[in-house]
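File shown here: my_file.tsv, holding TSV, C-alpha atoms and all ligand atoms.
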```
chain	number	residue	atom	x	y	z
A	1	MET	CA	-7.66	1.95	-32.26
A	2	THR	CA	-10.64	3.95	-33.55
A	3	SER	CA	-10.28	7.69	-34.04
A	4	THR	CA	-12.78	10.04	-32.39
A	5	THR	CA	-13.41	13.64	-33.42
A	6	HIS	CA	-13.58	16.06	-30.50
A	7	PRO	CA	-14.76	19.69	-30.70
A	8	PRO	CA	-12.23	22.54	-30.22
A	9	LEU	CA	-11.62	23.06	-26.50
A	10	ASP	CA	-9.96	25.69	-24.29
A	11	LEU	CA	-7.26	24.42	-21.96
A	12	VAL	CA	-6.15	26.12	-18.74
A	13	PHE	CA	-2.81	26.12	-16.98
A	14	PRO	CA	-4.01	26.66	-13.39
A	15	ALA	CA	-2.61	29.52	-11.36
A	16	ALA	CA	-0.61	28.16	-8.47
A	17	GLU	CA	-1.76	28.45	-4.87
A	18	HIS	CA	1.12	27.70	-2.58
A	19	LEU	CA	0.42	25.20	0.24
A	20	PRO	CA	3.52	25.53	2.43
A	21	PRO	CA	4.15	23.04	5.23
A	22	ASP	CA	1.47	23.67	7.87
A	23	PRO	CA	1.41	21.69	11.12
A	24	GLY	CA	-2.36	22.26	11.42
A	25	GLU	CA	-3.09	21.63	7.70
A	26	ALA	CA	-6.00	24.13	7.74
A	27	ARG	CA	-6.02	24.75	3.98
A	28	LEU	CA	-5.67	21.09	2.99
A	29	ALA	CA	-8.47	20.16	5.40
A	30	ALA	CA	-10.70	22.81	3.81
A	31	LEU	CA	-9.91	21.45	0.34
A	32	TYR	CA	-11.01	17.99	1.47
A	33	ASP	CA	-14.12	19.17	3.30
A	34	ALA	CA	-16.99	16.74	2.73
A	35	GLY	CA	-19.68	18.46	4.76
A	36	PRO	CA	-20.33	18.80	8.47
A	37	PRO	CA	-20.00	15.86	10.88
A	38	GLY	CA	-22.86	13.44	10.29
A	39	THR	CA	-22.83	13.86	6.50
A	40	ARG	CA	-22.70	10.45	4.84
A	41	HIS	CA	-19.69	10.28	2.57
A	42	LEU	CA	-17.45	7.51	1.21
A	43	ARG	CA	-14.02	8.63	0.10
A	44	VAL	CA	-11.40	6.24	-1.25
A	45	ASN	CA	-7.72	7.16	-1.12
A	46	MET	CA	-5.22	5.30	-3.32
A	47	VAL	CA	-1.71	5.81	-4.65
A	48	ALA	CA	-0.34	4.71	-8.02
A	49	ALA	CA	2.92	4.98	-9.90
A	50	VAL	CA	3.01	6.70	-13.29
A	51	ASP	CA	2.74	3.31	-15.03
A	52	GLY	CA	-0.38	2.46	-13.04
A	53	ALA	CA	1.29	0.14	-10.50
A	54	ALA	CA	-0.66	0.00	-7.24
A	55	TRP	CA	2.24	-1.36	-5.22
A	56	GLY	CA	6.00	-1.57	-5.36
A	57	PRO	CA	8.43	-4.50	-5.60
A	58	ASP	CA	7.76	-5.37	-1.94
A	59	HIS	CA	4.00	-5.76	-2.62
A	60	ARG	CA	3.23	-2.74	-0.44
A	61	SER	CA	1.90	0.66	-1.41
A	62	GLY	CA	4.26	2.22	1.14
A	63	SER	CA	7.10	1.75	-1.33
A	64	ILE	CA	5.40	3.92	-3.98
A	65	ASN	CA	4.07	6.74	-1.83
A	66	ASP	CA	5.99	9.87	-0.90
A	67	ALA	CA	5.92	13.00	1.24
A	68	ALA	CA	3.21	14.74	-0.85
A	69	ASP	CA	0.97	11.69	-0.60
A	70	TRP	CA	1.71	11.50	3.12
A	71	ARG	CA	0.42	15.04	3.70
A	72	ALA	CA	-2.93	14.27	2.07
A	73	PHE	CA	-3.09	10.80	3.66
A	74	ARG	CA	-2.77	12.28	7.15
A	75	VAL	CA	-5.43	14.92	6.53
A	76	LEU	CA	-7.85	12.32	5.15
A	77	ARG	CA	-7.36	10.12	8.22
A	78	ALA	CA	-7.89	13.14	10.45
A	79	LEU	CA	-11.21	13.94	8.77
A	80	ALA	CA	-12.67	10.40	8.79
A	81	ASP	CA	-14.79	8.57	11.37
A	82	VAL	CA	-13.63	5.16	10.18
A	83	VAL	CA	-11.06	3.65	7.82
A	84	LEU	CA	-12.59	0.84	5.75
A	85	VAL	CA	-10.03	-1.58	4.40
A	86	GLY	CA	-9.99	-4.99	2.74
A	87	ALA	CA	-8.61	-7.77	4.89
A	88	GLY	CA	-6.05	-8.46	2.14
A	89	THR	CA	-4.61	-4.98	2.50
A	90	ALA	CA	-4.63	-5.22	6.29
A	91	ARG	CA	-2.60	-8.44	5.96
A	92	ALA	CA	-0.22	-7.14	3.24
A	93	GLU	CA	0.39	-3.76	4.84
A	94	GLY	CA	0.52	-4.94	8.46
A	95	TYR	CA	-2.38	-2.80	9.71
A	96	THR	CA	-2.75	-2.25	13.42
A	97	MET	CA	-5.47	-0.28	15.24
A	98	LEU	CA	-5.34	3.33	14.10
A	99	ASP	CA	-4.49	6.52	15.93
A	100	ARG	CA	-5.38	10.00	14.75
A	101	PRO	CA	-2.45	11.58	12.89
A	102	ARG	CA	-0.42	13.37	15.53
A	103	GLY	CA	-0.94	17.13	15.50
A	104	LEU	CA	-4.16	16.93	13.48
A	105	GLU	CA	-6.47	15.84	16.31
A	106	HIS	CA	-8.23	19.24	16.14
A	107	LEU	CA	-9.66	18.29	12.71
A	108	SER	CA	-11.59	15.33	14.10
A	109	GLY	CA	-13.21	16.79	17.18
A	110	GLY	CA	-11.32	14.42	19.45
A	111	SER	CA	-13.06	11.17	18.50
A	112	PRO	CA	-10.94	8.03	18.00
A	113	LEU	CA	-10.35	6.79	14.47
A	114	GLU	CA	-12.18	3.49	13.98
A	115	LEU	CA	-11.00	0.66	11.74
A	116	ALA	CA	-13.39	-1.60	9.79
A	117	LEU	CA	-12.09	-4.63	7.90
A	118	VAL	CA	-14.01	-6.14	4.99
A	119	THR	CA	-13.62	-9.90	4.67
A	120	ARG	CA	-15.40	-12.90	3.21
A	121	SER	CA	-13.43	-15.38	5.28
A	122	GLY	CA	-13.64	-13.54	8.61
A	123	ARG	CA	-9.90	-14.15	8.97
A	124	LEU	CA	-8.14	-11.14	10.58
A	125	PRO	CA	-4.45	-10.33	10.81
A	126	GLU	CA	-2.92	-10.57	14.27
A	127	GLY	CA	-1.78	-6.96	14.16
A	128	VAL	CA	-5.32	-5.60	14.57
A	129	LEU	CA	-6.09	-7.87	17.51
A	130	ASP	CA	-3.40	-7.00	20.03
A	131	ALA	CA	-4.70	-3.62	21.16
A	132	ASP	CA	-7.19	-2.44	23.80
A	133	ARG	CA	-9.59	-1.32	21.09
A	134	ARG	CA	-11.18	-3.73	18.62
A	135	PRO	CA	-11.76	-3.30	14.91
A	136	TRP	CA	-15.18	-3.61	13.28
A	137	VAL	CA	-15.50	-6.53	10.90
A	138	VAL	CA	-17.77	-6.25	7.85
A	139	THR	CA	-18.55	-9.72	6.57
A	140	GLY	CA	-21.18	-12.14	5.31
A	141	ARG	CA	-22.84	-15.23	6.73
A	142	ALA	CA	-19.77	-17.49	6.46
A	143	GLY	CA	-17.30	-14.99	7.88
A	144	ALA	CA	-19.42	-13.78	10.81
A	145	PRO	CA	-18.80	-16.64	13.27
A	146	VAL	CA	-15.07	-16.69	12.45
A	147	ALA	CA	-14.78	-12.93	13.03
A	148	ALA	CA	-16.92	-13.05	16.16
A	149	GLY	CA	-14.41	-15.49	17.66
A	150	ALA	CA	-11.73	-12.83	17.30
A	151	VAL	CA	-13.47	-9.50	18.00
A	152	GLY	CA	-16.77	-10.47	19.65
A	153	ALA	CA	-20.19	-10.55	18.00
A	154	ASP	CA	-20.87	-6.91	18.95
A	155	HIS	CA	-18.09	-5.75	16.59
A	156	VAL	CA	-19.20	-7.89	13.65
A	157	VAL	CA	-21.27	-6.11	11.01
A	158	GLU	CA	-22.95	-9.07	9.32
A	159	VAL	CA	-24.32	-7.93	5.97
A	160	PRO	CA	-24.95	-10.99	3.77
A	161	GLY	CA	-25.03	-10.36	0.03
A	162	PRO	CA	-27.16	-12.29	-2.45
A	163	ASP	CA	-24.28	-14.27	-4.04
A	164	GLY	CA	-23.60	-16.99	-1.52
A	165	ASP	CA	-22.67	-17.41	2.11
A	166	ASP	CA	-19.46	-15.41	1.86
A	167	ASP	CA	-20.91	-12.51	-0.13
A	168	VAL	CA	-20.90	-9.07	1.54
A	169	ASP	CA	-23.51	-6.37	0.85
A	170	LEU	CA	-21.38	-3.20	0.86
A	171	PRO	CA	-24.23	-0.63	0.65
A	172	ALA	CA	-25.80	-2.35	3.67
A	173	ALA	CA	-22.41	-2.21	5.41
A	174	LEU	CA	-22.25	1.56	4.93
A	175	ASP	CA	-25.78	1.88	6.35
A	176	ALA	CA	-24.77	-0.24	9.34
A	177	LEU	CA	-21.63	1.84	9.99
A	178	ALA	CA	-23.67	5.06	9.75
A	179	GLU	CA	-26.16	3.69	12.29
A	180	ARG	CA	-23.20	3.30	14.63
A	181	GLY	CA	-22.18	6.95	14.09
A	182	MET	CA	-19.53	6.29	11.43
A	183	THR	CA	-20.75	8.43	8.55
A	184	ARG	CA	-17.48	9.78	7.16
A	185	VAL	CA	-15.89	6.67	5.72
A	186	LEU	CA	-12.37	6.63	4.30
A	187	SER	CA	-11.46	3.51	2.36
A	188	GLU	CA	-7.76	2.85	1.90
A	189	GLY	CA	-8.37	-0.03	-0.52
A	190	GLY	CA	-7.20	-2.40	-1.62
A	191	PRO	CA	-7.89	-2.89	-5.29
A	192	THR	CA	-10.35	-5.78	-4.84
A	193	LEU	CA	-12.39	-3.83	-2.31
A	194	LEU	CA	-12.31	-0.73	-4.51
A	195	GLY	CA	-13.56	-2.81	-7.47
A	196	THR	CA	-16.60	-3.95	-5.52
A	197	LEU	CA	-17.27	-0.52	-4.00
A	198	LEU	CA	-17.23	1.03	-7.48
A	199	ALA	CA	-19.44	-1.74	-8.88
A	200	ALA	CA	-21.92	-1.07	-6.07
A	201	GLY	CA	-21.97	2.64	-7.00
A	202	VAL	CA	-21.32	3.83	-3.45
A	203	VAL	CA	-18.07	5.77	-3.85
A	204	ASP	CA	-18.59	9.54	-3.54
A	205	GLU	CA	-14.98	10.53	-4.06
A	206	LEU	CA	-11.79	8.90	-5.29
A	207	CYS	CA	-8.51	10.50	-4.23
A	208	VAL	CA	-5.57	9.34	-6.31
A	209	THR	CA	-1.95	10.29	-5.79
A	210	THR	CA	0.36	9.63	-8.73
A	211	THR	CA	4.01	9.38	-7.76
A	212	PRO	CA	6.81	9.99	-10.26
A	213	GLN	CA	8.15	6.50	-10.85
A	214	LEU	CA	7.58	3.41	-12.97
A	215	VAL	CA	7.50	0.07	-11.20
A	216	GLY	CA	7.40	-2.02	-14.36
A	217	PRO	CA	5.50	-5.22	-15.15
A	218	GLY	CA	3.90	-7.11	-12.29
A	219	PRO	CA	1.74	-5.10	-9.92
A	220	GLY	CA	-1.97	-4.65	-10.53
A	221	ARG	CA	-3.89	-1.39	-10.84
A	222	ILE	CA	-5.77	0.36	-8.05
A	223	VAL	CA	-8.97	-1.44	-9.17
A	224	ALA	CA	-9.18	-5.24	-9.35
A	225	GLY	CA	-11.83	-7.90	-9.75
A	226	GLY	CA	-14.55	-7.89	-12.40
A	227	GLY	CA	-15.74	-10.45	-14.92
A	228	PRO	CA	-13.83	-12.86	-17.22
A	229	GLN	CA	-10.14	-11.94	-17.50
A	230	GLY	CA	-10.82	-9.34	-14.82
A	231	ALA	CA	-12.45	-7.07	-17.38
A	232	SER	CA	-15.44	-4.91	-16.51
A	233	SER	CA	-18.49	-5.28	-18.73
A	234	ALA	CA	-19.80	-1.86	-17.65
A	235	PRO	CA	-19.08	1.22	-19.78
A	236	PRO	CA	-16.45	3.63	-18.38
A	237	ALA	CA	-17.95	5.83	-15.65
A	238	PRO	CA	-17.34	9.59	-15.55
A	239	ALA	CA	-15.28	11.36	-12.87
A	240	ARG	CA	-15.19	15.13	-12.19
A	241	LEU	CA	-11.99	16.77	-11.01
A	242	GLY	CA	-12.48	18.32	-7.57
A	243	HIS	CA	-8.92	19.56	-7.24
A	244	LEU	CA	-5.40	18.76	-8.38
A	245	ILE	CA	-2.41	19.49	-6.17
A	246	VAL	CA	1.12	19.25	-7.51
A	247	ALA	CA	4.33	18.90	-5.52
A	248	PRO	CA	6.63	21.16	-7.54
A	249	GLY	CA	9.83	19.43	-6.51
A	250	SER	CA	8.89	15.87	-7.40
A	251	GLY	CA	5.96	16.27	-9.79
A	252	THR	CA	3.71	14.09	-7.62
A	253	THR	CA	0.06	14.87	-8.29
A	254	VAL	CA	-2.62	14.58	-5.63
A	255	ALA	CA	-6.07	14.52	-7.22
A	256	ARG	CA	-9.56	14.51	-5.79
A	257	TRP	CA	-12.13	13.05	-8.18
A	258	GLU	CA	-15.85	13.32	-7.49
A	259	LEU	CA	-17.82	10.31	-8.65
A	260	ARG	CA	-21.35	11.11	-7.44
B	1	LIG	N1	-2.07	1.59	-4.21
B	1	LIG	C1	-2.81	1.70	-3.14
B	1	LIG	O1	-3.27	2.78	-2.77
B	1	LIG	C2	-3.12	0.44	-2.35
B	1	LIG	C3	-4.05	0.50	-1.32
B	1	LIG	C4	-4.31	-0.66	-0.61
B	1	LIG	C5	-3.64	-1.83	-0.92
B	1	LIG	N2	-2.73	-1.83	-1.91
B	1	LIG	C6	-2.02	-3.07	-2.26
B	1	LIG	O2	-2.93	-3.98	-2.81
B	1	LIG	C7	-2.49	-5.32	-2.56
B	1	LIG	C8	-3.65	-6.12	-2.03
B	1	LIG	O3	-4.66	-6.15	-3.02
B	1	LIG	P1	-6.06	-6.84	-2.77
B	1	LIG	O4	-6.93	-6.55	-3.94
B	1	LIG	O5	-5.86	-8.25	-2.36
B	1	LIG	O6	-6.57	-5.99	-1.51
B	1	LIG	P2	-7.93	-6.01	-0.69
B	1	LIG	O7	-9.09	-5.63	-1.51
B	1	LIG	O8	-7.68	-5.21	0.52
B	1	LIG	O9	-8.00	-7.51	-0.21
B	1	LIG	C9	-8.73	-8.51	-0.77
B	1	LIG	C10	-9.30	-9.28	0.41
B	1	LIG	O10	-10.08	-8.38	1.20
B	1	LIG	C11	-11.36	-8.90	1.44
B	1	LIG	N3	-12.30	-8.23	0.55
B	1	LIG	C12	-12.04	-7.26	-0.37
B	1	LIG	N4	-13.17	-6.86	-0.96
B	1	LIG	C13	-14.17	-7.59	-0.40
B	1	LIG	C14	-15.56	-7.62	-0.60
B	1	LIG	N5	-16.17	-6.83	-1.48
B	1	LIG	N6	-16.28	-8.49	0.13
B	1	LIG	C15	-15.69	-9.29	1.04
B	1	LIG	N7	-14.36	-9.31	1.28
B	1	LIG	C16	-13.61	-8.46	0.56
B	1	LIG	C17	-11.22	-10.38	1.16
B	1	LIG	O11	-10.65	-10.91	2.37
B	1	LIG	P3	-10.68	-12.42	2.85
B	1	LIG	O12	-9.61	-13.10	2.07
B	1	LIG	O13	-10.39	-12.37	4.32
B	1	LIG	O14	-12.04	-12.96	2.56
B	1	LIG	C18	-10.25	-10.39	0.01
B	1	LIG	O15	-9.57	-11.61	-0.14
B	1	LIG	C19	-1.34	-5.22	-1.59
B	1	LIG	O16	-0.14	-5.40	-2.30
B	1	LIG	C20	-1.43	-3.79	-1.06
B	1	LIG	O17	-0.18	-3.28	-0.73
B	1	LIG	C21	-2.46	-0.74	-2.66
```
Take the structure from the file and write it as structure tokens.
Ligand SMILES: NC(=O)c1ccc[n+]([C@@H]2O[C@H](COP(=O)([O-])OP(=O)(O)OC[C@H]3O[C@@H](n4cnc5c(N)ncnc54)[C@H](OP(=O)(O)O)[C@@H]3O)[C@@H](O)[C@H]2O)c1
Amino acid sequence: MTSTTHPPLDLVFPAAEHLPPDPGEARLAALYDAGPPGTRHLRVNMVAAVDGAAWGPDHRSGSINDAADWRAFRVLRALADVVLVGAGTARAEGYTMLDRPRGLEHLSGGSPLELALVTRSGRLPEGVLDADRRPWVVTGRAGAPVAAGAVGADHVVEVPGPDGDDDVDLPAALDALAERGMTRVLSEGGPTLLGTLLAAGVVDELCVTTTPQLVGPGPGRIVAGGGPQGASSAPPAPARLGHLIVAPGSGTTVARWELR
């Protein structure tokens, strides 16, 4: 380990603002405001344990989240036009078509919450296919015909990337979703998708909840993928703290980091 000399620096212990339970979540919604409807914005929401684990022993993030995370999670879903999720997460977490969080419909202006799955293969979990509404599928050349067989060509966003038939151009995908009126995008992961979104430089905001537990060896981090041995060759990128909320009982922290 090399030692670095840092200049003297003030530290602050922030004054507490109490955010009591609120069925309408007005204050939390204001804290997560990302501009008026129509503003293009990609927010990613992830949860991690104190030791960096991105999922629990059951391979699901549901086993490491908690009530504080749940409050923010609901507000973020209420504020989004579409949830963008990797097909791997949709399979692991058993995603179905999404409803607006009950009681927070007023935050979204009454529009339905869309679901968009990112996949190379075009293979979709059954759970998203047995509803009246259909998900959007973001995929490349190879995945498009497979996905079209399940959701219809009009719900396939075919955005081929330069690296082969199964490559997906994520910036082009965000453009295509915006053209369809989905400008406020909430990605719920997973780690592989987040790795490629970060590499593409399109993430405006990363929300990370840290829950007070250690899962131990095994699970990956909230970011996966990259070069040899999964390591990134890019230098660390800066993040600015937008806000930090603490659940005083548990110690769970709910942070909003601005990346762009
Ligand atoms: N801690 C958290 O907040 C959090 C959030 C979400 C998930 N998770 C956990 O993460 C685990 C899953 O990790 P994961 O990395 O496999 O999740 P993932 O990124 O959702 O899934 C990977 C799969 O999604 C598709 N995909 C992702 N990025 C893509 C891209 N750039 N282009 C094309 N397709 C892409 C591919 O699907 P195809 O195979 O169909 O080509 C790929 O195999 C689960 O245990 C889940 O519970 C944790």
Return as JSON lines the residues of chain A lying at most 7 Å from ligand LIG 1 (chain B), together with the closest atom-to-atom pair for each and the distance in Å to one decimal, counting only C-alpha atoms and all ligand atoms, with rows in chain order and ascending residue number.
```
{"residue": "A:Asn45", "atom": "CA", "partner": "B:LIG1", "partner_atom": "O1", "distance": 6.5}
{"residue": "A:Met46", "atom": "CA", "partner": "B:LIG1", "partner_atom": "O1", "distance": 3.2}
{"residue": "A:Val47", "atom": "CA", "partner": "B:LIG1", "partner_atom": "O1", "distance": 3.9}
{"residue": "A:Ala48", "atom": "CA", "partner": "B:LIG1", "partner_atom": "N1", "distance": 5.2}
{"residue": "A:Ala54", "atom": "CA", "partner": "B:LIG1", "partner_atom": "N1", "distance": 3.7}
{"residue": "A:Trp55", "atom": "CA", "partner": "B:LIG1", "partner_atom": "N1", "distance": 5.3}
{"residue": "A:His59", "atom": "CA", "partner": "B:LIG1", "partner_atom": "O16", "distance": 4.2}
{"residue": "A:Arg60", "atom": "CA", "partner": "B:LIG1", "partner_atom": "O17", "distance": 3.5}
{"residue": "A:Ser61", "atom": "CA", "partner": "B:LIG1", "partner_atom": "O17", "distance": 4.5}
{"residue": "A:Val85", "atom": "CA", "partner": "B:LIG1", "partner_atom": "O8", "distance": 5.8}
{"residue": "A:Gly86", "atom": "CA", "partner": "B:LIG1", "partner_atom": "O8", "distance": 3.2}
{"residue": "A:Ala87", "atom": "CA", "partner": "B:LIG1", "partner_atom": "O10", "distance": 4.0}
{"residue": "A:Gly88", "atom": "CA", "partner": "B:LIG1", "partner_atom": "O9", "distance": 3.2}
{"residue": "A:Thr89", "atom": "CA", "partner": "B:LIG1", "partner_atom": "O8", "distance": 3.7}
{"residue": "A:Ala90", "atom": "CA", "partner": "B:LIG1", "partner_atom": "O8", "distance": 6.5}
{"residue": "A:Ala92", "atom": "CA", "partner": "B:LIG1", "partner_atom": "C19", "distance": 5.3}
{"residue": "A:Glu93", "atom": "CA", "partner": "B:LIG1", "partner_atom": "O17", "distance": 5.6}
{"residue": "A:Val118", "atom": "CA", "partner": "B:LIG1", "partner_atom": "N7", "distance": 4.9}
{"residue": "A:Thr119", "atom": "CA", "partner": "B:LIG1", "partner_atom": "N7", "distance": 3.5}
{"residue": "A:Arg120", "atom": "CA", "partner": "B:LIG1", "partner_atom": "O14", "distance": 3.4}
{"residue": "A:Ser121", "atom": "CA", "partner": "B:LIG1", "partner_atom": "O14", "distance": 3.9}
{"residue": "A:Gly122", "atom": "CA", "partner": "B:LIG1", "partner_atom": "O13", "distance": 5.5}
{"residue": "A:Arg123", "atom": "CA", "partner": "B:LIG1", "partner_atom": "O13", "distance": 5.0}
{"residue": "A:Leu124", "atom": "CA", "partner": "B:LIG1", "partner_atom": "O13", "distance": 6.8}
{"residue": "A:Thr139", "atom": "CA", "partner": "B:LIG1", "partner_atom": "C15", "distance": 6.2}
{"residue": "A:Asp167", "atom": "CA", "partner": "B:LIG1", "partner_atom": "N6", "distance": 6.1}
{"residue": "A:Val168", "atom": "CA", "partner": "B:LIG1", "partner_atom": "N6", "distance": 4.9}
{"residue": "A:Leu170", "atom": "CA", "partner": "B:LIG1", "partner_atom": "N5", "distance": 6.8}
{"residue": "A:Glu188", "atom": "CA", "partner": "B:LIG1", "partner_atom": "C3", "distance": 5.4}
{"residue": "A:Gly189", "atom": "CA", "partner": "B:LIG1", "partner_atom": "C4", "distance": 4.1}
{"residue": "A:Gly190", "atom": "CA", "partner": "B:LIG1", "partner_atom": "C4", "distance": 3.5}
{"residue": "A:Pro191", "atom": "CA", "partner": "B:LIG1", "partner_atom": "O4", "distance": 4.0}
{"residue": "A:Thr192", "atom": "CA", "partner": "B:LIG1", "partner_atom": "O7", "distance": 3.6}
{"residue": "A:Leu193", "atom": "CA", "partner": "B:LIG1", "partner_atom": "N4", "distance": 3.4}
{"residue": "A:Leu194", "atom": "CA", "partner": "B:LIG1", "partner_atom": "O7", "distance": 6.6}
{"residue": "A:Thr196", "atom": "CA", "partner": "B:LIG1", "partner_atom": "N5", "distance": 5.0}
{"residue": "A:Leu197", "atom": "CA", "partner": "B:LIG1", "partner_atom": "N5", "distance": 6.9}
{"residue": "A:Ile222", "atom": "CA", "partner": "B:LIG1", "partner_atom": "N1", "distance": 5.5}
{"residue": "A:Ala224", "atom": "CA", "partner": "B:LIG1", "partner_atom": "O4", "distance": 6.0}
```
Open item on the list: Set the distance at 8 Å and use only C-alpha atoms: which residues neighbour stretch 21-36 of chain A once local chain neighbours fewer than 6 positions away are removed? I'd like the list as a ChimeraX atom specification.
Closed with: /A:72,75-76,79,103-104,107,243
Using only C-alpha atoms, please write the residues we just selected to a file, as a PDB file, in the frame of the given file.
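Result file out17.pdb:
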```
ATOM      1  CA  ALA A  72      -2.930  14.270   2.070  1.00  0.00           C
ATOM      2  CA  VAL A  75      -5.430  14.920   6.530  1.00  0.00           C
ATOM      3  CA  LEU A  76      -7.850  12.320   5.150  1.00  0.00           C
ATOM      4  CA  LEU A  79     -11.210  13.940   8.770  1.00  0.00           C
ATOM      5  CA  GLY A 103      -0.940  17.130  15.500  1.00  0.00           C
ATOM      6  CA  LEU A 104      -4.160  16.930  13.480  1.00  0.00           C
ATOM      7  CA  LEU A 107      -9.660  18.290  12.710  1.00  0.00           C
ATOM      8  CA  HIS A 243      -8.920  19.560  -7.240  1.00  0.00           C
TER       9      HIS A 243
END
```
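Counting all atoms listed in the file and comparing A:Leu113, A:Val254, A:Val137, A:Ala67, the residue that lies closest to A:Asp154 is A:Val137.
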Open item on the list: Calculated over all atoms listed in the file, which of the candidates A:Arg91, A:His6, A:His41, A:His106 has the smallest distance to A:Arg260?
Closed with: A:His41
TODO: For each of A:Val82, A:Ala176, A:Ala15, A:Leu129, take the minimum atom-to-atom distance to A:Val159, counting all atoms listed in the file, then give the residue where this is smallest.
DONE: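 The shortest atom-to-atom distance to A:Val159 comes from A:Ala176.
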Open item on the list: Set the distance at 9 Å and use only C-alpha atoms: which residues neighbour A:Ser250 once local chain neighbours fewer than 3 positions away are removed? I'd like the list as a PyMOL selection string.
Closed with: chain A and resi 68+211-212+246-247+253
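You will find atom CA of A:Ser63 at 16.8 Å from atom CA of A:Gly251.
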Task: Best match for closeness to A:Thr252 among A:Val208, A:Val202, A:Leu84, A:Leu98, counting only C-alpha atoms - done: A:Val208
- [ ] Have a look at atom CA of A:Pro145 and atom CA of A:Gly94 and let me know their distance in Å, one decimal.
- [x]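 Rounded to one decimal, the two atoms are 23.1 Å apart.
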- [ ] Using all atoms listed in the file, pick whichever of A:Ala239, A:Leu9, A:Leu42, A:Cys207 has the shortest atom-to-atom distance to A:Asp175.
- [x]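 The answer is A:Leu42, which sits nearest to A:Asp175.
Atom pair atom CA of A:Asp166 / atom CA of A:Gly181: separated by 25.6 Å.
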What box, with edges along x, y and z, holds each listed atom of stretch 139-145 of chain A when 8 Å is added on every side, and can you state its centre and edge lengths in Å to one decimal, as AutoDock Vina command-line options?
```
--center_x -20.1 --center_y -13.6 --center_z 9.3 --size_x 21.5 --size_y 23.8 --size_z 24.0
```
TODO: Can you work out which one of A:Phe13, A:Thr5, A:Ala49, A:Asp69 has the shortest atom-to-atom distance to A:Gln213, counting only C-alpha atoms?
DONE: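 Selected residue with least distance to A:Gln213: A:Ala49.
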